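Trainee: Pasting a structure here, questions to come.
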Amino acid sequence: MTQSAASKILVRHPSVAARYQHGKTPITHLIEDYIHERVDIPGDFRDFIRERVQVAEYSFVGDHFKFLFSHFLPEVLIHSRAQDERIGKAHYDRGNDFFSWFLGPRMIYTSGFFQSPEDTLEEAQDRKMKLVCEKLQLERGERYLDIGCGWGTLVAHAARDYGVDATGITIAEKGTEYGNAQIARMGQSATARILNKDYRDIPNQTFDKISCLEMAEHVGVRKFQAFMQQVYGLLANDGLFYLQIAGLRAKKGHLGFHMEDLVWGLFMNKYIFPGADASMPLSFVVENMEKAGFEIHSVENVGIHYSLTISRWYDNWMAHREQVVKTYGEWWFRLWQVFLGWSVHIAAQGSSTCFQVVANKNLDGFNRMRWLSGVNLGERDLPLKRSA
């Protein structure tokens with residue numbers, strides 16, 4: 001083995017030694033070499049990621065063009081039911097143990113909400129669930145739908161803490177089983193359930209409140225408008241829709257996209273979330289929601305909360321290294337180490353972010369008095385008085 005690149009990279013395989021002898025290496029080559037064990041990165045991996053610009057550069061390489069034409073573009077254009085099911089199950093049905101080793105006991109695969117950098121992951125996730133329910137103004141007896149519910153934690157808590165009749169939808173079989181078992185443990189089986197369905201198969205019913213936390217990215221750019229129209233059709237006229245969606249920052253003026261953002265995005269699409277091509281700037285999200293008939297009430301950027309969330313996930317993952325390698329192998333451990341370690345800084349620097357959007361149907365009769373604090377339920381339901 002030879003050591004190079006300011007002692008930050010340890011080359012294990014001679015076939016890649018030349019990449020690390022002169023100047024900086026394309027980060028895509030570095031990641032590929034690392035996850036395939038052709039190089040090692042001694043020391044604290046997070047320190048390496050923090051200082052990545054010293055040894056890595058962001059540029060397109062041959063693998064990017066191959067991936068774009070063989071996988072990315074076809075998936076963007078198609079997004080068939082069969083494609084989405086295949087991709088979704090390959091990710092979310094990998095194993096509940098795999099996900100528990102970084103998500104922790106709450107099994108929530110979305111951004112938490114922090115009041116302090118010292119908050120635990122569980123405190124941030126509990127606060128996020130409360131925030132979602134309050135932004136939706138959940139009321140006892142209402143019908144609540146969570147599209148892309150993961151392991152059902154939010155559904156179970158909404159039923160228990162807010163008295164709603166809650167339904168969660170997920171494409172993952174293992175998530176469905178886990179979610180319904182969690183609901184049963186919490187004594188909420190009479191008022192909550194997780195259904196194993198594609199989002200396109202949601203029964204055409206009416207729900208008072210609907211949420212979708214970081215699932216809409218998976219429907220794809222081409223299907224995003226149709227999905228917003230579907231949600232609009234499922235929502236009661238006086239209902240509320242909460243959308244939490246991971247997104248990218250907008251173009252940097254006339255210079256186009258940030259190069260690291262593109263390189264990181266292609267890595268994510270190839271290895272972590274294939275087909276999740278609807279992670280877009282906020283303008284795309286808002287425009288499509290408004291075209292579907294929604295009125296935007298509020299948008300909150302929680303990108304820094306995501307950075308802190310992923311930082312906790314990274315710590316959990318590293319603490320379970322032995323179990324991960326024993327069960328899934330070194331390749332999976334290293335891949336998720338790169339994903340989580342890099343994403344902490346990507347979110348912190350604004351390359352990727354997350355938006356919480358609250359919306360209602362843009363109808364003349366919608367009572368916007370509900371947005372005033374201190375207005376009780378009865379007053380909120382009264383129509384606005386018109387001046388003479």
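Residue names in the structure tokens use chain letters A, B, ... in the order shown, residue numbers from 1 in each chain, and ligand numbers from 1 in the order shown.
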Would you please extract all helix (DSSP H, G or I) residues from region 108-324 of chain A, as assigned by DSSP on the backbone, and give them as a ChimeraX atom specification?

Mentor: /A:121-135,153-162,173-185,199-201,216-219,221-234,253-255,259-272,282-291,303-319,321-324

Trainee: If we count only C-alpha atoms, what is near region 356-361 of chain A at a cut-off of 6 Å, once residues fewer than 6 positions away on the same chain are taken out, given as an MDAnalysis selection string?

Mentor: chainID A and resid 240:244 294:300

Trainee: Mind writing the picked residues with C-alpha atoms as an mmCIF file, in the first residue's frame?

Mentor:
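Output file part_37.cif is given in full below:
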data_model
loop_
_atom_site.group_PDB
_atom_site.id
_atom_site.type_symbol
_atom_site.label_atom_id
_atom_site.label_comp_id
_atom_site.auth_asym_id
_atom_site.auth_seq_id
_atom_site.Cartn_x
_atom_site.Cartn_y
_atom_site.Cartn_z
ATOM 1 C CA LEU A 240 -55.224 21.334 4.887
ATOM 2 C CA PHE A 241 -52.296 19.772 3.064
ATOM 3 C CA TYR A 242 -48.812 19.539 4.569
ATOM 4 C CA LEU A 243 -45.999 18.777 2.132
ATOM 5 C CA GLN A 244 -42.458 18.203 3.371
ATOM 6 C CA PHE A 294 -53.711 25.008 -3.972
ATOM 7 C CA GLU A 295 -53.132 28.265 -2.142
ATOM 8 C CA ILE A 296 -49.832 28.355 -0.275
ATOM 9 C CA HIS A 297 -50.203 29.406 3.337
ATOM 10 C CA SER A 298 -46.644 29.010 4.584
ATOM 11 C CA VAL A 299 -43.225 27.680 3.627
ATOM 12 C CA GLU A 300 -40.461 26.943 6.103
#

Trainee: Taking 2 positions as the minimum chain separation for residues in the same chain, which residues sit within 10 Å of Ile87 (chain A) when counting only C-alpha atoms? Answer as a short mmCIF file (atom, residue, chain, number, x, y, z; two decimals) with C-alpha atoms, in the first residue's frame.

Mentor:
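Final output, saved to selection-v8.cif:
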data_model
loop_
_atom_site.label_atom_id
_atom_site.label_comp_id
_atom_site.auth_asym_id
_atom_site.auth_seq_id
_atom_site.Cartn_x
_atom_site.Cartn_y
_atom_site.Cartn_z
CA ALA A 82 -43.63 -1.25 -12.18
CA GLN A 83 -40.49 0.91 -12.18
CA ASP A 84 -41.48 2.81 -9.05
CA GLU A 85 -42.42 -0.37 -7.22
CA LYS A 89 -39.03 -1.95 -2.66
CA ALA A 90 -35.33 -2.36 -3.39
CA HIS A 91 -34.66 0.56 -1.07
CA TYR A 92 -37.30 0.50 1.66
CA ASP A 93 -37.63 -3.28 1.95
CA HIS A 218 -40.22 9.72 -5.69
CA PHE A 273 -32.63 7.19 -4.01
CA PRO A 274 -32.95 6.07 -7.65
CA GLY A 275 -35.94 7.66 -9.35
CA ALA A 276 -36.33 10.45 -6.78
#

Trainee: Write out as a ChimeraX atom specification which residues come within 10 Å of Ile245 (chain A) when counting only C-alpha atoms, dropping same-chain ones fewer than 5 positions away.

Mentor: /A:110-111,212-217,278-280,282,285,301-302,353-357

Trainee: Work out how far CA of Arg185 (chain A) is from CA of Arg106 (chain A), in Å to one decimal.

Mentor: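 Between these atoms lies a distance of 13.6 Å.
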
Trainee: Using DSSP on the backbone coordinates, identify all residues within region 123-235 of chain A classified as strand (DSSP E or B); present the result as a PyMOL selection string.

Mentor: chain A and resi 143-147+165-170+192-196+207-213+235

Trainee: Rank A:Pro105, A:Thr153, A:Val344, A:Thr28 by their smallest atom-to-atom distance to Asp47 (chain A), using only C-alpha atoms, and report the top residue only.

Mentor: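 Answer, going by the shortest atom-to-atom distance: A:Val344.
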
Trainee: Report as number ranges by chain all protein, DNA and RNA residues lying within 10 Å of Gly303 (chain A), evaluated on only C-alpha atoms, omitting residues in the same chain fewer than 5 positions from it.

Mentor: A: 111, 113, 246-248, 308-309, 346-356

Trainee: Please produce a file of those selected residues containing C-alpha atoms, as a compact mmCIF listing (two decimals), in the first residue's frame.

Mentor:
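Generated output (out17.txt):
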# COMPACT_ATOMS: atom_id res chain seq x y z
CA SER A 111 -35.89 15.61 8.88
CA PHE A 113 -36.86 19.73 14.03
CA ALA A 246 -36.38 17.62 0.02
CA GLY A 247 -35.18 20.09 -2.56
CA LEU A 248 -32.22 21.76 -4.21
CA LEU A 308 -28.38 18.06 12.27
CA THR A 309 -30.72 15.10 11.71
CA ILE A 346 -24.38 19.33 1.73
CA ALA A 347 -27.41 20.33 3.82
CA ALA A 348 -25.42 22.68 6.05
CA GLN A 349 -24.07 24.62 3.05
CA GLY A 350 -27.50 24.86 1.38
CA SER A 351 -26.82 22.59 -1.59
CA SER A 352 -29.75 20.41 -0.59
CA THR A 353 -32.49 21.55 1.70
CA CYS A 354 -35.99 20.67 2.83
CA PHE A 355 -39.22 22.65 2.71
CA GLN A 356 -42.32 22.39 4.90

Trainee: Which residues come within 10 Å of Arg38 (chain A), counting only C-alpha atoms, excluding same-chain residues fewer than 3 positions away, as a JSON list (two decimals) with all heavy atoms, in the first residue's frame?

Mentor:
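That gives us around25.json:
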[["chain", "number", "residue", "atom", "x", "y", "z"],
["A", 10, "LEU", "N", -5.31, 6.33, 1.50],
["A", 10, "LEU", "CA", -4.40, 5.20, 1.50],
["A", 10, "LEU", "C", -4.78, 4.28, 0.35],
["A", 10, "LEU", "O", -5.86, 3.68, 0.35],
["A", 10, "LEU", "CB", -4.49, 4.45, 2.83],
["A", 10, "LEU", "CG", -3.47, 3.34, 3.06],
["A", 10, "LEU", "CD1", -2.06, 3.92, 3.16],
["A", 10, "LEU", "CD2", -3.81, 2.57, 4.34],
["A", 11, "VAL", "N", -3.94, 4.24, -0.66],
["A", 11, "VAL", "CA", -4.23, 3.45, -1.86],
["A", 11, "VAL", "C", -3.96, 1.97, -1.58],
["A", 11, "VAL", "O", -2.87, 1.60, -1.14],
["A", 11, "VAL", "CB", -3.38, 3.93, -3.05],
["A", 11, "VAL", "CG1", -3.65, 3.06, -4.28],
["A", 11, "VAL", "CG2", -3.70, 5.38, -3.36],
["A", 12, "ARG", "N", -4.96, 1.12, -1.83],
["A", 12, "ARG", "CA", -4.83, -0.31, -1.58],
["A", 12, "ARG", "C", -4.65, -1.12, -2.85],
["A", 12, "ARG", "O", -4.13, -2.23, -2.82],
["A", 12, "ARG", "CB", -6.08, -0.82, -0.84],
["A", 12, "ARG", "CG", -6.32, -0.18, 0.51],
["A", 12, "ARG", "CD", -7.53, -0.76, 1.20],
["A", 12, "ARG", "NE", -7.37, -2.20, 1.42],
["A", 12, "ARG", "CZ", -8.32, -2.98, 1.93],
["A", 12, "ARG", "NH1", -9.51, -2.46, 2.24],
["A", 12, "ARG", "NH2", -8.12, -4.27, 2.11],
["A", 13, "HIS", "N", -5.12, -0.57, -3.97],
["A", 13, "HIS", "CA", -5.07, -1.33, -5.22],
["A", 13, "HIS", "C", -4.24, -0.55, -6.24],
["A", 13, "HIS", "O", -4.53, 0.61, -6.54],
["A", 13, "HIS", "CB", -6.47, -1.59, -5.75],
["A", 13, "HIS", "CG", -6.53, -2.72, -6.74],
["A", 13, "HIS", "ND1", -6.10, -2.58, -8.03],
["A", 13, "HIS", "CD2", -6.95, -4.01, -6.61],
["A", 13, "HIS", "CE1", -6.27, -3.73, -8.67],
["A", 13, "HIS", "NE2", -6.78, -4.62, -7.83],
["A", 14, "PRO", "N", -3.21, -1.18, -6.81],
["A", 14, "PRO", "CA", -2.31, -0.45, -7.73],
["A", 14, "PRO", "C", -3.01, 0.09, -8.97],
["A", 14, "PRO", "O", -2.52, 1.04, -9.59],
["A", 14, "PRO", "CB", -1.25, -1.49, -8.10],
["A", 14, "PRO", "CG", -1.86, -2.81, -7.77],
["A", 14, "PRO", "CD", -2.77, -2.57, -6.61],
["A", 15, "SER", "N", -4.16, -0.48, -9.34],
["A", 15, "SER", "CA", -4.83, -0.03, -10.57],
["A", 15, "SER", "C", -5.33, 1.40, -10.48],
["A", 15, "SER", "O", -5.58, 2.04, -11.51],
["A", 15, "SER", "CB", -6.01, -0.96, -10.88],
["A", 15, "SER", "OG", -7.01, -0.87, -9.87],
["A", 16, "VAL", "N", -5.48, 1.94, -9.26],
["A", 16, "VAL", "CA", -5.99, 3.32, -9.11],
["A", 16, "VAL", "C", -4.93, 4.26, -8.55],
["A", 16, "VAL", "O", -5.22, 5.43, -8.30],
["A", 16, "VAL", "CB", -7.24, 3.34, -8.22],
["A", 16, "VAL", "CG1", -8.35, 2.48, -8.80],
["A", 16, "VAL", "CG2", -6.91, 2.91, -6.79],
["A", 17, "ALA", "N", -3.72, 3.77, -8.36],
["A", 17, "ALA", "CA", -2.68, 4.58, -7.71],
["A", 17, "ALA", "C", -2.41, 5.89, -8.45],
["A", 17, "ALA", "O", -2.19, 6.93, -7.83],
["A", 17, "ALA", "CB", -1.39, 3.76, -7.59],
["A", 30, "LEU", "N", -13.12, 9.03, -6.37],
["A", 30, "LEU", "CA", -12.73, 8.77, -4.99],
["A", 30, "LEU", "C", -13.79, 7.94, -4.26],
["A", 30, "LEU", "O", -13.48, 6.97, -3.56],
["A", 30, "LEU", "CB", -12.50, 10.08, -4.26],
["A", 30, "LEU", "CG", -12.18, 10.02, -2.77],
["A", 30, "LEU", "CD1", -11.00, 9.12, -2.49],
["A", 30, "LEU", "CD2", -11.94, 11.42, -2.23],
["A", 31, "ILE", "N", -15.06, 8.29, -4.45],
["A", 31, "ILE", "CA", -16.14, 7.55, -3.79],
["A", 31, "ILE", "C", -16.20, 6.13, -4.30],
["A", 31, "ILE", "O", -16.33, 5.17, -3.52],
["A", 31, "ILE", "CB", -17.48, 8.28, -4.01],
["A", 31, "ILE", "CG1", -17.51, 9.58, -3.21],
["A", 31, "ILE", "CG2", -18.66, 7.37, -3.64],
["A", 31, "ILE", "CD1", -18.67, 10.48, -3.54],
["A", 32, "GLU", "N", -16.11, 5.95, -5.61],
["A", 32, "GLU", "CA", -16.15, 4.61, -6.18],
["A", 32, "GLU", "C", -14.99, 3.76, -5.64],
["A", 32, "GLU", "O", -15.17, 2.59, -5.28],
["A", 32, "GLU", "CB", -16.07, 4.68, -7.71],
["A", 32, "GLU", "CG", -17.29, 5.28, -8.39],
["A", 32, "GLU", "CD", -18.46, 4.31, -8.46],
["A", 32, "GLU", "OE1", -18.26, 3.11, -8.22],
["A", 32, "GLU", "OE2", -19.58, 4.77, -8.76],
["A", 33, "ASP", "N", -13.81, 4.35, -5.58],
["A", 33, "ASP", "CA", -12.66, 3.62, -5.08],
["A", 33, "ASP", "C", -12.84, 3.27, -3.60],
["A", 33, "ASP", "O", -12.46, 2.18, -3.16],
["A", 33, "ASP", "CB", -11.38, 4.43, -5.27],
["A", 33, "ASP", "CG", -10.96, 4.52, -6.73],
["A", 33, "ASP", "OD1", -11.43, 3.69, -7.53],
["A", 33, "ASP", "OD2", -10.17, 5.43, -7.06],
["A", 34, "TYR", "N", -13.43, 4.18, -2.84],
["A", 34, "TYR", "CA", -13.59, 3.94, -1.41],
["A", 34, "TYR", "C", -14.61, 2.85, -1.13],
["A", 34, "TYR", "O", -14.35, 1.93, -0.34],
["A", 34, "TYR", "CB", -13.99, 5.23, -0.70],
["A", 34, "TYR", "CG", -14.17, 5.04, 0.79],
["A", 34, "TYR", "CD1", -13.09, 4.75, 1.61],
["A", 34, "TYR", "CD2", -15.43, 5.13, 1.38],
["A", 34, "TYR", "CE1", -13.24, 4.55, 2.98],
["A", 34, "TYR", "CE2", -15.60, 4.93, 2.74],
["A", 34, "TYR", "CZ", -14.51, 4.64, 3.53],
["A", 34, "TYR", "OH", -14.67, 4.44, 4.89],
["A", 35, "ILE", "N", -15.78, 2.91, -1.75],
["A", 35, "ILE", "CA", -16.81, 1.93, -1.43],
["A", 35, "ILE", "C", -16.44, 0.54, -1.96],
["A", 35, "ILE", "O", -16.92, -0.47, -1.42],
["A", 35, "ILE", "CB", -18.20, 2.36, -1.95],
["A", 35, "ILE", "CG1", -18.23, 2.46, -3.47],
["A", 35, "ILE", "CG2", -18.63, 3.66, -1.30],
["A", 35, "ILE", "CD1", -19.60, 2.83, -4.04]]

Trainee: Given only C-alpha atoms as the basis, pick out the residue of A:Ser211, A:Gln225, A:Thr120, A:Gln230 nearest to Gly148 (chain A).

Mentor: A:Ser211

Trainee: So, counting only C-alpha atoms, which residue among A:Arg370, A:Arg193, A:Arg46, A:Lys223 is closest to Asp315 (chain A)?

Mentor: A:Arg46

Trainee: Just checking: using only C-alpha atoms, which residue out of A:Lys8, A:His36, A:Arg200, A:His29 ends up closest to Arg334 (chain A)?

Mentor: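 Among the listed residues, the smallest separation from Arg334 (chain A) belongs to A:His36.
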
Trainee: Go through A:Val76, A:Ile169, A:Leu234, A:Leu266 one by one, measure the shortest atom-to-atom distance of each to Asn196 (chain A) using only C-alpha atoms, and give the residue with the smallest value.

Mentor: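 Checking each candidate against Asn196 (chain A), we get A:Ile169 as the closest.
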
Trainee: In Å, rounded to a single decimal, give me how far CA of Asn269 (chain A) is from CA of Cys149 (chain A).

Mentor: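 Taking CA of Cys149 (chain A) as the start and CA of Asn269 (chain A) as the end point, the length is 21.0 Å.
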
Trainee: Could you tell me which of A:Gly265, A:Glu322, A:Gln229, A:Gly239 comes closest to Asn367 (chain A) if we count only C-alpha atoms?

Mentor: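 The shortest atom-to-atom distance to Asn367 (chain A) comes from A:Gly239.
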
Trainee: One decimal, in Å: what's the spacing between CA of Glu118 (chain A) and CA of Gly341 (chain A)?

Mentor: 18.5 Å
